[in-house]
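S.K.: Okay, so here is work.cif, and as you'll see once you scroll down, it has mmCIF, C-alpha atoms.
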data_run
loop_
_atom_site.label_atom_id
_atom_site.label_comp_id
_atom_site.auth_asym_id
_atom_site.auth_seq_id
_atom_site.Cartn_x
_atom_site.Cartn_y
_atom_site.Cartn_z
CA MET A 1 -18.73 -54.63 -58.75
CA ASN A 2 -20.82 -53.92 -55.67
CA VAL A 3 -19.11 -53.68 -52.28
CA ALA A 4 -21.10 -55.12 -49.43
CA PRO A 5 -21.99 -52.47 -46.74
CA LYS A 6 -19.68 -52.59 -43.73
CA THR A 7 -21.08 -54.32 -40.69
CA PRO A 8 -21.40 -52.03 -37.64
CA THR A 9 -18.74 -52.83 -34.98
CA SER A 10 -21.32 -53.62 -32.37
CA GLN A 11 -22.40 -56.52 -34.43
CA VAL A 12 -18.92 -58.00 -34.71
CA PRO A 13 -18.95 -61.17 -32.65
CA LEU A 14 -16.99 -60.72 -29.43
CA HIS A 15 -13.80 -62.57 -28.79
CA SER A 16 -14.26 -65.46 -26.41
CA GLU A 17 -12.10 -63.76 -23.74
CA ALA A 18 -14.09 -60.53 -23.99
CA SER A 19 -17.33 -62.23 -23.27
CA TRP A 20 -17.59 -60.36 -19.93
CA TYR A 21 -18.21 -57.22 -21.92
CA GLU A 22 -21.93 -57.10 -21.78
CA PRO A 23 -23.39 -54.18 -23.71
CA ASP A 24 -26.34 -54.13 -21.34
CA MET A 25 -24.14 -53.50 -18.25
CA PRO A 26 -25.09 -50.33 -16.25
CA ALA A 27 -23.17 -47.34 -17.67
CA ILE A 28 -21.45 -46.55 -14.36
CA ILE A 29 -19.60 -49.86 -14.15
CA ALA A 30 -19.24 -50.51 -17.86
CA PRO A 31 -15.51 -50.46 -18.70
CA ARG A 32 -14.42 -47.79 -21.11
CA ARG A 33 -11.65 -47.79 -23.61
CA PRO A 34 -8.66 -45.79 -22.28
CA THR A 35 -8.24 -42.43 -24.04
CA PRO A 36 -4.66 -41.34 -23.26
CA ILE A 37 -4.62 -38.30 -25.56
CA ARG A 38 -7.91 -36.98 -24.23
CA SER A 39 -6.85 -37.51 -20.62
CA LEU A 40 -3.55 -35.75 -21.28
CA PHE A 41 -5.38 -32.79 -22.76
CA ALA A 42 -7.79 -32.70 -19.84
CA VAL A 43 -4.90 -32.65 -17.34
CA LEU A 44 -3.08 -29.94 -19.30
CA LEU A 45 -6.27 -27.89 -19.52
CA ILE A 46 -6.78 -28.17 -15.76
CA LEU A 47 -3.17 -27.14 -15.08
CA PHE A 48 -3.41 -24.19 -17.46
CA ALA A 49 -6.82 -22.96 -16.31
CA GLY A 50 -5.90 -23.36 -12.63
CA SER A 51 -2.63 -21.41 -12.94
CA LEU A 52 -4.27 -18.72 -15.03
CA LEU A 53 -7.12 -18.33 -12.56
CA GLY A 54 -4.73 -18.25 -9.58
CA ILE A 55 -2.37 -15.70 -11.10
CA THR A 56 -5.18 -13.48 -12.39
CA SER A 57 -7.02 -13.42 -9.08
CA ALA A 58 -3.80 -12.64 -7.19
CA TYR A 59 -2.97 -9.85 -9.67
CA LEU A 60 -6.43 -8.33 -9.36
CA MET A 61 -6.31 -8.42 -5.55
CA ILE A 62 -2.90 -6.70 -5.49
CA GLU A 63 -3.70 -4.17 -8.23
CA ARG A 64 -6.86 -3.21 -6.39
CA ASP A 65 -4.48 -1.48 -4.03
CA ARG A 66 -6.72 -1.94 -1.00
CA PRO A 67 -5.39 -4.04 1.88
CA PHE A 68 -7.79 -6.33 3.73
CA LEU A 69 -7.74 -5.18 7.33
CA SER A 70 -9.30 -1.78 6.85
CA VAL A 71 -11.20 0.41 9.27
CA THR A 72 -13.93 2.29 7.44
CA ILE A 73 -15.81 5.40 8.48
CA GLY A 74 -18.34 6.20 5.76
CA PRO A 75 -16.37 6.53 2.51
CA TRP A 76 -13.09 6.82 4.42
CA SER A 77 -10.85 3.86 5.06
CA ALA A 78 -7.60 3.49 6.95
CA TYR A 79 -5.18 0.59 7.17
CA PRO A 80 -3.57 0.96 10.60
CA GLU A 81 -1.97 -2.48 10.34
CA ALA A 82 -0.46 -2.07 6.86
CA GLY A 83 3.28 -1.61 6.93
CA THR A 84 3.74 -3.22 10.34
CA SER A 85 4.72 -6.74 11.28
CA GLU A 86 1.03 -7.53 11.97
CA ALA A 87 0.01 -6.80 8.37
CA ASP A 88 -1.93 -9.39 6.37
CA PRO A 89 -0.17 -11.01 3.38
CA TYR A 90 -2.14 -8.92 0.88
CA SER A 91 -1.10 -5.60 2.33
CA VAL A 92 2.48 -6.84 2.67
CA ALA A 93 2.43 -7.67 -1.05
CA ILE A 94 0.80 -4.35 -1.95
CA TYR A 95 3.18 -2.28 0.16
CA THR A 96 6.38 -4.02 -0.89
CA ARG A 97 5.39 -4.08 -4.54
CA SER A 98 4.78 -0.34 -4.61
CA ALA A 99 7.80 0.30 -2.30
CA ARG A 100 5.76 2.75 -0.29
CA ILE A 101 6.70 3.83 3.20
CA PRO A 102 3.73 3.83 5.58
CA LEU A 103 3.00 6.39 8.25
CA ALA A 104 4.10 4.63 11.42
CA SER A 105 1.76 4.61 14.40
CA GLY A 106 3.82 7.15 16.35
CA GLU A 107 3.71 9.56 13.43
CA GLY A 108 0.10 9.55 12.36
CA LEU A 109 -2.58 7.84 10.36
CA ALA A 110 -3.53 8.18 6.69
CA ILE A 111 -7.26 7.88 5.87
CA SER A 112 -8.31 7.77 2.22
CA ALA A 113 -11.55 7.95 0.29
CA ARG A 114 -12.16 6.79 -3.27
CA THR A 115 -15.93 7.32 -3.22
CA ASP A 116 -18.17 10.11 -2.01
CA SER A 117 -20.58 9.69 0.89
CA SER A 118 -23.29 8.33 -1.43
CA GLY A 119 -20.94 5.60 -2.66
CA ALA A 120 -20.25 7.00 -6.14
CA THR A 121 -16.63 6.81 -7.34
CA LEU A 122 -14.80 10.12 -7.09
CA ASN A 123 -14.22 11.85 -10.41
CA PRO A 124 -11.63 14.62 -10.81
CA ALA A 125 -13.93 16.40 -13.27
CA CYS A 126 -16.48 17.03 -10.51
CA ASP A 127 -16.61 19.48 -7.62
CA TYR A 128 -16.90 18.07 -4.12
CA ARG A 129 -17.73 19.54 -0.75
CA ILE A 130 -15.87 17.99 2.16
CA SER A 131 -17.51 19.18 5.35
CA GLY A 132 -17.49 18.27 9.01
CA GLN A 133 -14.76 17.44 11.46
CA THR A 134 -11.79 15.14 11.68
CA PRO A 135 -10.77 13.05 14.66
CA THR A 136 -8.49 14.89 17.06
CA ALA A 137 -5.01 15.44 15.70
CA ARG A 138 -2.29 17.99 16.30
CA LEU A 139 -2.02 18.60 12.59
CA TRP A 140 -3.70 17.21 9.52
CA THR A 141 -3.23 17.56 5.79
CA LEU A 142 -5.73 16.78 3.05
CA THR A 143 -4.30 15.71 -0.29
CA ALA A 144 -5.97 15.07 -3.64
CA ALA A 145 -4.25 12.41 -5.73
CA ASP A 146 -5.13 9.99 -8.51
CA ASN A 147 -6.38 6.42 -8.09
CA HIS A 148 -2.91 5.12 -7.24
CA GLY A 149 -2.03 7.91 -4.83
CA ARG A 150 0.13 9.81 -7.32
CA LEU A 151 -0.06 13.58 -7.28
CA VAL A 152 -1.40 15.36 -10.36
CA PRO A 153 -0.45 18.93 -11.39
CA THR A 154 -3.12 21.47 -10.44
CA LEU A 155 -4.00 25.03 -11.40
CA ALA A 156 -2.72 26.38 -8.08
CA GLY A 157 0.51 24.37 -8.07
CA ARG A 158 -0.34 22.90 -4.66
CA THR A 159 -2.11 19.60 -4.13
CA PHE A 160 -2.97 19.82 -0.45
CA LEU A 161 -4.60 21.78 2.35
CA THR A 162 -3.48 21.72 5.95
CA SER A 163 -5.35 22.21 9.21
CA ARG A 164 -3.35 25.40 9.77
CA GLN A 165 -4.47 27.02 6.53
CA ILE A 166 -8.19 26.47 6.64
CA LEU A 167 -10.99 28.71 7.83
CA ARG A 168 -13.28 27.11 10.36
CA LYS A 169 -16.80 27.80 11.54
CA GLU A 170 -17.46 28.79 15.14
CA ASP A 171 -18.04 25.19 16.21
CA GLY A 172 -14.68 24.13 14.81
CA SER A 173 -16.07 22.35 11.77
CA PHE A 174 -14.92 23.22 8.29
CA GLU A 175 -16.11 23.15 4.73
CA ILE A 176 -13.67 22.48 1.92
CA THR A 177 -14.49 22.72 -1.77
CA ALA A 178 -12.46 20.44 -4.00
CA ALA A 179 -12.53 21.60 -7.61
CA ARG A 180 -10.26 22.11 -10.59
CA ALA A 181 -11.09 25.82 -10.86
CA PRO A 182 -10.44 28.24 -7.97
CA ARG A 183 -13.19 28.48 -5.35
CA PRO A 184 -13.70 30.99 -2.53
CA GLY A 185 -13.07 29.79 1.01
CA ASN A 186 -11.15 26.57 1.55
CA TRP A 187 -10.18 25.41 -1.90
CA LEU A 188 -8.52 22.05 -2.49
CA PRO A 189 -7.25 22.13 -6.10
CA LEU A 190 -7.90 18.96 -8.10
CA GLY A 191 -5.56 17.62 -10.77
CA LEU A 192 -5.92 18.96 -14.28
CA PRO A 193 -6.52 16.46 -17.08
CA ARG A 194 -3.60 15.81 -19.39
CA ALA A 195 -4.63 17.14 -22.80
CA SER A 196 -3.35 14.12 -24.71
CA GLU A 197 -5.11 11.59 -22.53
CA THR A 198 -8.59 12.99 -22.11
CA GLY A 199 -11.38 10.95 -23.55
CA ALA A 200 -14.81 12.10 -24.63
CA ASP A 201 -16.11 12.01 -21.05
CA GLY A 202 -13.46 14.42 -19.81
CA MET A 203 -11.79 11.76 -17.70
CA ALA A 204 -8.25 10.71 -18.32
CA THR A 205 -7.91 7.22 -19.76
CA ALA A 206 -7.79 4.50 -17.17
CA GLY A 207 -4.40 3.56 -15.82
CA GLY A 208 -2.47 6.71 -16.69
CA ILE A 209 -1.43 9.40 -14.23
CA GLY A 210 -4.45 11.48 -13.40
CA SER A 211 -7.04 8.74 -13.71
CA GLY A 212 -9.49 8.70 -10.87
CA LEU A 213 -9.42 10.68 -7.67
CA MET A 214 -8.54 9.86 -4.09
CA PHE A 215 -8.70 12.14 -1.06
CA THR A 216 -6.28 11.40 1.77
CA PHE A 217 -6.41 12.87 5.24
CA ARG A 218 -3.15 12.41 7.09
CA LEU A 219 -3.75 12.92 10.79
CA TYR A 220 -0.45 13.61 12.52
CA ASP A 221 0.07 12.89 16.19
CA ALA A 222 -3.48 11.62 16.48
CA PRO A 223 -4.59 9.53 19.46
CA ILE A 224 -6.48 7.25 17.08
CA THR A 225 -3.71 5.28 15.45
CA THR A 226 -5.08 1.93 16.45
CA GLY A 227 -8.08 0.30 14.84
CA SER A 228 -10.27 -0.01 17.92
CA ALA A 229 -9.95 3.69 18.74
CA LEU A 230 -11.27 4.49 15.29
CA ASP A 231 -14.65 2.88 15.97
CA GLY A 232 -16.52 5.95 17.17
CA ALA A 233 -14.52 8.43 15.12
CA VAL A 234 -16.24 10.97 12.89
CA MET A 235 -14.93 11.90 9.47
CA PRO A 236 -16.13 14.64 7.10
CA LEU A 237 -18.89 14.07 4.56
CA ILE A 238 -18.03 14.14 0.86
CA GLU A 239 -20.82 15.48 -1.36
CA ARG A 240 -20.71 15.83 -5.11
CA LEU A 241 -21.70 19.35 -6.16
CA SER A 242 -21.55 19.45 -9.93
CA CYS A 243 -19.63 17.87 -12.76
CA SER A 244 -18.10 19.61 -15.73
CA MET B 1 -10.35 -46.38 -13.89
CA SER B 2 -12.86 -44.16 -15.51
CA LEU B 3 -15.52 -41.83 -14.27
CA SER B 4 -18.94 -41.05 -15.54
CA PRO B 5 -18.93 -37.87 -17.65
CA ARG B 6 -20.68 -35.79 -14.98
CA LEU B 7 -18.30 -36.90 -12.24
CA ALA B 8 -15.34 -36.28 -14.55
CA TRP B 9 -16.43 -32.67 -15.11
CA LEU B 10 -16.90 -32.12 -11.38
CA THR B 11 -13.47 -33.58 -10.60
CA GLY B 12 -11.93 -31.36 -13.27
CA LEU B 13 -13.61 -28.29 -11.83
CA VAL B 14 -12.55 -29.08 -8.27
CA ALA B 15 -8.98 -29.76 -9.45
CA THR B 16 -8.90 -26.45 -11.34
CA LEU B 17 -10.18 -24.46 -8.37
CA SER B 18 -7.81 -26.13 -5.89
CA LEU B 19 -4.88 -25.46 -8.18
CA ALA B 20 -6.02 -21.85 -8.62
CA ALA B 21 -6.18 -21.40 -4.83
CA VAL B 22 -2.68 -22.84 -4.37
CA VAL B 23 -1.24 -20.65 -7.14
CA HIS B 24 -3.04 -17.56 -5.77
CA ILE B 25 -1.59 -18.08 -2.29
CA LEU B 26 1.89 -18.79 -3.65
CA VAL B 27 1.85 -15.67 -5.83
CA VAL B 28 0.71 -13.40 -2.99
CA LEU B 29 3.24 -14.82 -0.54
CA THR B 30 6.19 -14.66 -2.93
CA ILE B 31 5.62 -11.09 -4.16
CA PRO B 32 7.71 -9.58 -1.32
CA GLN B 33 10.70 -11.76 -2.29
CA ASN B 34 10.38 -11.02 -5.99
CA THR B 35 9.84 -7.28 -6.12
CA SER B 36 12.39 -5.56 -8.31
CA HIS B 37 12.69 -2.61 -5.94
CA SER B 38 11.91 -2.08 -2.28
CA ALA B 39 11.65 1.05 -0.15
CA TYR B 40 14.95 0.04 1.47
CA ALA B 41 16.67 -0.11 -1.94
CA ASP B 42 15.01 3.09 -3.19
CA VAL B 43 16.24 5.11 -0.21
CA ALA B 44 19.82 4.41 -1.33
CA ASN B 45 19.21 6.54 -4.44
CA PHE B 46 19.35 9.77 -2.48
CA GLY B 47 22.90 9.56 -1.18
CA PRO B 48 25.35 7.51 0.86
CA ASP B 49 24.34 5.34 3.81
CA ARG B 50 24.71 6.44 7.45
CA GLN B 51 23.82 10.07 6.88
CA PHE B 52 20.57 11.98 6.42
CA ASN B 53 19.95 12.71 2.77
CA LEU B 54 17.43 15.40 1.96
CA LEU B 55 14.75 14.09 -0.38
CA PRO B 56 13.58 16.39 -3.21
CA ASP B 57 10.29 18.21 -2.57
CA VAL B 58 7.18 16.13 -3.16
CA GLN B 59 5.86 17.53 -6.45
CA PRO B 60 3.35 16.08 -8.93
CA GLY B 61 5.14 13.76 -11.33
CA ALA B 62 8.41 13.97 -9.36
CA GLU B 63 7.66 12.24 -6.10
CA PRO B 64 10.89 10.89 -4.59
CA LEU B 65 9.05 7.94 -2.99
CA PRO B 66 5.43 6.89 -3.42
CA ALA B 67 2.68 8.17 -1.12
CA LEU B 68 4.64 10.86 0.68
CA ASP B 69 2.81 13.90 2.04
CA PRO B 70 3.35 16.94 -0.22
CA ALA B 71 2.98 19.23 2.81
CA MET B 72 6.12 17.78 4.36
CA LYS B 73 9.80 17.71 3.67
CA HIS B 74 11.64 14.46 4.14
CA ALA B 75 15.14 13.23 4.89
CA ALA B 76 16.17 9.58 4.87
CA CYS B 77 19.10 7.70 6.37
CA ARG B 78 19.91 4.10 5.56
CA PHE B 79 22.01 2.12 8.01
CA THR B 80 23.37 -1.27 8.93
CA LEU B 81 23.96 -1.91 12.60
CA ASP B 82 26.83 -4.26 11.71
CA GLU B 83 28.94 -1.12 11.34
CA GLY B 84 28.20 -0.03 14.89
CA PRO B 85 25.37 1.72 16.74
CA VAL B 86 23.61 4.56 14.93
CA LEU B 87 22.99 7.91 16.57
CA PHE B 88 20.25 10.23 15.32
CA THR B 89 20.22 13.86 16.34
CA ALA B 90 18.19 16.69 14.88
CA SER B 91 16.79 20.02 15.87
CA ILE B 92 14.01 21.11 13.56
CA PRO B 93 12.23 24.40 14.31
CA VAL B 94 8.79 23.43 12.97
CA PRO B 95 5.46 22.78 14.71
CA PHE B 96 5.53 19.12 13.77
CA TRP B 97 8.17 16.59 12.86
CA SER B 98 8.32 12.85 13.16
CA ILE B 99 10.77 10.05 12.56
CA GLY B 100 9.96 6.49 11.59
CA LEU B 101 12.38 3.57 11.67
CA PHE B 102 11.74 0.83 9.14
CA ASN B 103 13.38 -2.53 8.60
CA GLU B 104 14.59 -3.95 5.31
CA ALA B 105 11.09 -5.21 4.47
CA GLY B 106 9.72 -1.69 4.89
CA GLU B 107 7.85 -2.49 8.11
CA ALA B 108 7.69 0.19 10.77
CA VAL B 109 9.85 -0.77 13.74
CA TYR B 110 9.68 2.37 15.84
CA SER B 111 8.39 5.89 15.47
CA LEU B 112 8.05 9.08 17.41
CA ASN B 113 7.12 12.71 16.85
CA ASN B 114 8.28 15.94 18.41
CA ARG B 115 5.72 15.72 21.22
CA THR B 116 6.39 12.09 22.17
CA SER B 117 10.16 12.59 21.98
CA GLY B 118 9.87 14.69 25.14
CA SER B 119 11.83 17.64 23.81
CA ASP B 120 12.06 19.50 20.55
CA ILE B 121 15.44 17.96 19.92
CA LEU B 122 15.76 14.47 18.55
CA SER B 123 18.50 12.35 20.08
CA MET B 124 18.14 8.66 19.67
CA LEU B 125 20.61 5.79 19.74
CA LEU B 126 19.89 2.63 17.85
CA LEU B 127 21.79 -0.56 18.60
CA THR B 128 21.67 -4.33 18.75
CA PRO B 129 21.42 -6.16 22.11
CA GLU B 130 25.16 -7.06 21.95
CA GLN B 131 26.17 -3.47 21.28
CA LEU B 132 24.03 -2.35 24.21
CA SER B 133 25.89 -4.63 26.61
CA ILE B 134 29.20 -3.29 25.34
CA ILE B 135 28.06 0.32 25.76
CA ARG B 136 26.74 -0.39 29.28
CA GLU B 137 30.25 -1.25 30.44
CA ASN B 138 31.64 2.09 29.36
CA PRO B 139 28.68 4.42 28.93
CA PRO B 140 29.10 7.79 27.20
CA GLU B 141 28.31 10.82 29.38
CA ASP B 142 25.11 11.81 27.66
CA LEU B 143 23.56 8.34 27.60
CA ASP B 144 20.75 9.46 29.94
CA GLU B 145 19.62 12.09 27.49
CA LEU B 146 19.39 9.65 24.61
CA ILE B 147 16.44 7.53 23.63
CA VAL B 148 18.16 4.15 23.50
CA LEU B 149 16.54 1.60 21.21
CA GLU B 150 17.41 -2.05 20.81
CA ILE B 151 16.15 -3.42 17.54
CA PRO B 152 16.38 -7.00 16.31
CA ALA B 153 16.91 -6.01 12.67
CA THR B 154 20.36 -4.98 11.54
CA ASN B 155 19.47 -3.28 8.25
CA GLY B 156 16.98 -0.52 7.93
CA PHE B 157 16.33 3.11 7.28
CA ALA B 158 14.96 6.14 9.07
CA LEU B 159 12.62 8.63 7.49
CA LEU B 160 12.44 12.07 9.06
CA ARG B 161 9.36 14.11 8.16
CA ALA B 162 9.11 17.83 8.86
CA PHE B 163 6.01 19.93 8.31
CA VAL B 164 6.55 23.16 6.39
CA PRO B 165 4.08 25.68 7.86
CA HIS B 166 4.70 28.36 5.23
CA ALA B 167 6.49 28.36 1.91
CA HIS B 168 8.93 31.04 3.13
CA GLN B 169 10.18 28.66 5.84
CA SER B 170 11.06 26.08 3.23
CA ARG B 171 14.76 26.92 3.16
CA GLU B 172 15.00 26.92 6.95
CA VAL B 173 13.49 23.43 7.10
CA ASP B 174 15.82 22.26 4.34
CA THR B 175 18.82 23.42 6.36
CA ALA B 176 17.54 21.80 9.55
CA LEU B 177 16.93 18.50 7.75
CA SER B 178 20.26 18.42 5.98
CA THR B 179 22.13 19.18 9.21
CA ALA B 180 20.30 16.37 11.01
CA PHE B 181 22.84 13.79 12.09
CA CYS B 182 22.72 10.08 11.46
CA GLY B 183 25.92 8.18 12.05
CA SER B 184 28.30 6.55 14.47
CA LEU B 185 28.50 7.43 18.13
CA SER B 186 31.69 9.46 18.42
#
Could I get this file's structure written as structure tokens?

M.R.:
Amino acid sequence: MNVAPKTPTSQVPLHSEASWYEPDMPAIIAPRRPTPIRSLFAVLLILFAGSLLGITSAYLMIERDRPFLSVTIGPWSAYPEAGTSEADPYSVAIYTRSARIPLASGEGLAISARTDSSGATLNPACDYRISGQTPTARLWTLTAADNHGRLVPTLAGRTFLTSRQILRKEDGSFEITAARAPRPGNWLPLGLPRASETGADGMATAGGIGSGLMFTFRLYDAPITTGSALDGAVMPLIERLSCS
Amino acid sequence: MSLSPRLAWLTGLVATLSLAAVVHILVVLTIPQNTSHSAYADVANFGPDRQFNLLPDVQPGAEPLPALDPAMKHAACRFTLDEGPVLFTASIPVPFWSIGLFNEAGEAVYSLNNRTSGSDILSMLLLTPEQLSIIRENPPEDLDELIVLEIPATNGFALLRAFVPHAHQSREVDTALSTAFCGSLS
């Protein structure tokens, strides 16, 4: 027995009360059938994607570890406002999350660099020359740490240089060589890689202690503890010498 | 009500971005209230409140608190002004020392170093406005020699930093820091 082919729905005669439904109505005002399941999914998708995007962006901003209101001098940046009541919400979040205690304005100012003067990210496997002068301070220390400011064991056992230890030129400027292996003159020892974590490129795997490099000058009892005073300040150059 | 497909996509995108912005702001603003540990809480690990506790030397992998200067030695004192005014005295024979006062949120409230303190000896009295008016009525003899500080916060901590010029002076600095006084006005 042959079954007659089904008639397409569009050809079903409309009910008398649905006669307003004109198939040739413009699409924008043509009524649509409600789709509750699809709408529900759309709303859920929006909620999910929005929360995910918001949380991820907040996490990335905080993990970046760099507050907003920075004063930069070449590769060096300082956050004079971080850790005070005038701090922006990002630096408040960064500082409280890491439980770090800032250098207060009457104590000194910390100035850090994560790139060299040409803008390339610092790498603990390379040698760097830090030369020039610092802003006036009664005492300064220069520390080499990893990306997150944690100290890394070095060959010499020390991780810093101070203004009282270094040799200066006649004009008061200095030249420091930062390297893993001992160097003549002013040597700032860099952190040794941890044997278990080194990858093929000689750099420790991202995230662990010893990944990345950050130089920090801490200027103690410096007149420039406020942002505006830092405008004309001069900081040393950082040049990459060679990489192992 | 229904929207044309293109308008529906645009609305969805705008809704997603607005929600993301709201969530982002909420997360950033609530981090300080939701951190599992704060500098104020961490300082309690080094000893009892209302006395200077010497922090271990800043060594790689064993830093007592994050981002401290390895060239310095530190002592911390946690206090609550509810238990009375706090007196700080110290005499540290080094070329540079400084003290920072921080509130419970870890914000710097006051700081000075051995040059701005006026003498090489630290003597500072910390109190609330009410305690100051009580002390004014019956002032102790050496009140003129003290740096008197009114602070609005009641809980906080002080961090004393002392520069170690040479490794052989390390013990001397340790002694000076551990004999630094932080406590009630006698």

S.K.: Using all atoms listed in the file, which residue out of A:Leu230, A:Leu161, A:Ile130, A:Ala78 lies closest to chain B?

M.R.: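 Of all the options, A:Leu161 lies closest to chain B.
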
S.K.: Can you check which parts of chain A lie within 7 Å of chain B? Per residue, the shortest pair of atoms and distance in Å to one decimal, counting all atoms listed in the file, sorted by chain and number, as a tab-separated table.

M.R.:
residue	atom	partner	partner_atom	distance
A:Ile28	CA	B:Ser4	CA	6.2
A:Arg32	CA	B:Ser2	CA	6.9
A:Ile46	CA	B:Thr16	CA	5.2
A:Leu47	CA	B:Thr16	CA	6.9
A:Ala49	CA	B:Thr16	CA	6.4
A:Gly50	CA	B:Ala20	CA	4.3
A:Ser51	CA	B:Ala20	CA	5.5
A:Leu53	CA	B:Ala20	CA	5.4
A:Gly54	CA	B:Ala20	CA	3.9
A:Ile55	CA	B:His24	CA	5.7
A:Ser57	CA	B:His24	CA	6.6
A:Ala58	CA	B:His24	CA	5.2
A:Gly83	CA	B:Glu107	CA	4.8
A:Thr84	CA	B:Glu107	CA	4.7
A:Ser85	CA	B:Glu107	CA	6.2
A:Pro89	CA	B:Leu29	CA	6.4
A:Tyr90	CA	B:Val28	CA	6.6
A:Ala93	CA	B:Ile31	CA	5.6
A:Thr96	CA	B:Pro32	CA	5.7
A:Arg97	CA	B:Thr35	CA	5.7
A:Ala99	CA	B:Ala39	CA	4.5
A:Arg100	CA	B:Pro66	CA	5.2
A:Ile101	CA	B:Gly106	CA	6.5
A:Ala104	CA	B:Ala108	CA	5.7
A:Ser105	CA	B:Ser111	CA	6.8
A:Gly106	CA	B:Leu112	CA	4.8
A:Glu107	CA	B:Ser98	CA	5.7
A:Gly149	CA	B:Ala67	CA	6.0
A:Arg150	CA	B:Ala67	CA	6.9
A:Leu151	CA	B:Pro60	CA	4.5
A:Val152	CA	B:Pro60	CA	5.0
A:Pro153	CA	B:Pro60	CA	5.3
A:Phe160	CA	B:Ala71	CA	6.8

S.K.: Nearest to Arg138 in chain A among A:Met235, A:Leu155, A:Leu109, A:Leu52, with distances taken over only C-alpha atoms: which residue is it?

M.R.: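 Smallest separation from Arg138 in chain A among the options: A:Leu109.
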
S.K.: Give me, please, the distance in Å between CA of Ala179 in chain A and CA of Thr136 in chain A, quoted to one decimal.

M.R.: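 Here the two named atoms are 25.9 Å from each other.
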
S.K.: One decimal, in Å: what's the spacing between CA of Arg78 in chain B and CA of Phe157 in chain B?

M.R.: 4.1 Å

S.K.: When the PyMOL selection byres ((chain A and resi 111) around 7) is applied to the file above, which residues end up in the set, as a list in words?

M.R.: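 Answer for the PyMOL selection byres ((chain A and resi 111) around 7): Trp76, Ser77, Ala78, Leu109, Ala110, Ser112, Thr216, Phe217 and Arg218 of chain A.
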
S.K.: Using CA of Ala42 in chain A and CA of Leu60 in chain A as the two end points, give the distance in Å to one decimal.

M.R.: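 Spanning CA of Ala42 in chain A to CA of Leu60 in chain A is a straight-line distance of 26.6 Å.
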
S.K.: Counting all atoms listed in the file, find residues at most 7 Å from (-2.2, 18.9, 8.1) (file frame) and give them as a PDB file with C-alpha atoms, in the frame of the given file.

M.R.:
ATOM      1  CA  LEU A 139      -2.020  18.600  12.590  1.00  0.00           C
ATOM      2  CA  TRP A 140      -3.700  17.210   9.520  1.00  0.00           C
ATOM      3  CA  THR A 141      -3.230  17.560   5.790  1.00  0.00           C
ATOM      4  CA  LEU A 142      -5.730  16.780   3.050  1.00  0.00           C
ATOM      5  CA  LEU A 161      -4.600  21.780   2.350  1.00  0.00           C
ATOM      6  CA  THR A 162      -3.480  21.720   5.950  1.00  0.00           C
ATOM      7  CA  SER A 163      -5.350  22.210   9.210  1.00  0.00           C
ATOM      8  CA  ARG A 164      -3.350  25.400   9.770  1.00  0.00           C
ATOM      9  CA  ARG A 218      -3.150  12.410   7.090  1.00  0.00           C
ATOM     10  CA  LEU A 219      -3.750  12.920  10.790  1.00  0.00           C
TER      11      LEU A 219
END

S.K.: Where does the PyMOL selection byres ((chain A and resi 180) around 8) land in this file, that is, which residues does it pick, as a PDB file with C-alpha atoms, keeping the file's coordinate frame?

M.R.:
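Result file follows (part37.pdb):
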ATOM      1  CA  PRO A 124     -11.630  14.620 -10.810  1.00  0.00           C
ATOM      2  CA  ALA A 125     -13.930  16.400 -13.270  1.00  0.00           C
ATOM      3  CA  ASP A 127     -16.610  19.480  -7.620  1.00  0.00           C
ATOM      4  CA  THR A 154      -3.120  21.470 -10.440  1.00  0.00           C
ATOM      5  CA  LEU A 155      -4.000  25.030 -11.400  1.00  0.00           C
ATOM      6  CA  ALA A 178     -12.460  20.440  -4.000  1.00  0.00           C
ATOM      7  CA  ALA A 179     -12.530  21.600  -7.610  1.00  0.00           C
ATOM      8  CA  ALA A 181     -11.090  25.820 -10.860  1.00  0.00           C
ATOM      9  CA  PRO A 182     -10.440  28.240  -7.970  1.00  0.00           C
ATOM     10  CA  PRO A 189      -7.250  22.130  -6.100  1.00  0.00           C
ATOM     11  CA  LEU A 190      -7.900  18.960  -8.100  1.00  0.00           C
ATOM     12  CA  GLY A 191      -5.560  17.620 -10.770  1.00  0.00           C
ATOM     13  CA  LEU A 192      -5.920  18.960 -14.280  1.00  0.00           C
TER      14      LEU A 192
END

S.K.: Pick from B:Thr154, B:Ala162, B:Pro48, B:Pro85: nearest to Leu177 in chain B, with all atoms listed in the file counted?

M.R.: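 Closest residue, counting all atoms listed in the file: B:Ala162.
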
S.K.: When the PyMOL selection byres ((chain A and resi 133-135) around 7) is applied to the structure above, which residues does it catch, written out as a ChimeraX atom specification?

M.R.: /A:131-132,136-137,173-174,233-236

S.K.: Restricted to C-alpha atoms, what would the selected residues look like written as a tab-separated table (two decimals), keeping the file's coordinate frame?

M.R.:
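Just written: out_37.tsv:
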chain	number	residue	atom	x	y	z
A	131	SER	CA	-17.51	19.18	5.35
A	132	GLY	CA	-17.49	18.27	9.01
A	136	THR	CA	-8.49	14.89	17.06
A	137	ALA	CA	-5.01	15.44	15.70
A	173	SER	CA	-16.07	22.35	11.77
A	174	PHE	CA	-14.92	23.22	8.29
A	233	ALA	CA	-14.52	8.43	15.12
A	234	VAL	CA	-16.24	10.97	12.89
A	235	MET	CA	-14.93	11.90	9.47
A	236	PRO	CA	-16.13	14.64	7.10

S.K.: Which polymer residues have any atom within 10 Å of an atom of range 123-129 of chain B, counting all atoms listed in the file, with same-chain residues fewer than 3 positions away left out, as a ChimeraX atom specification?

M.R.: /B:80-82,84-91,101,117,119-120,132-135,143,145-154,181-185
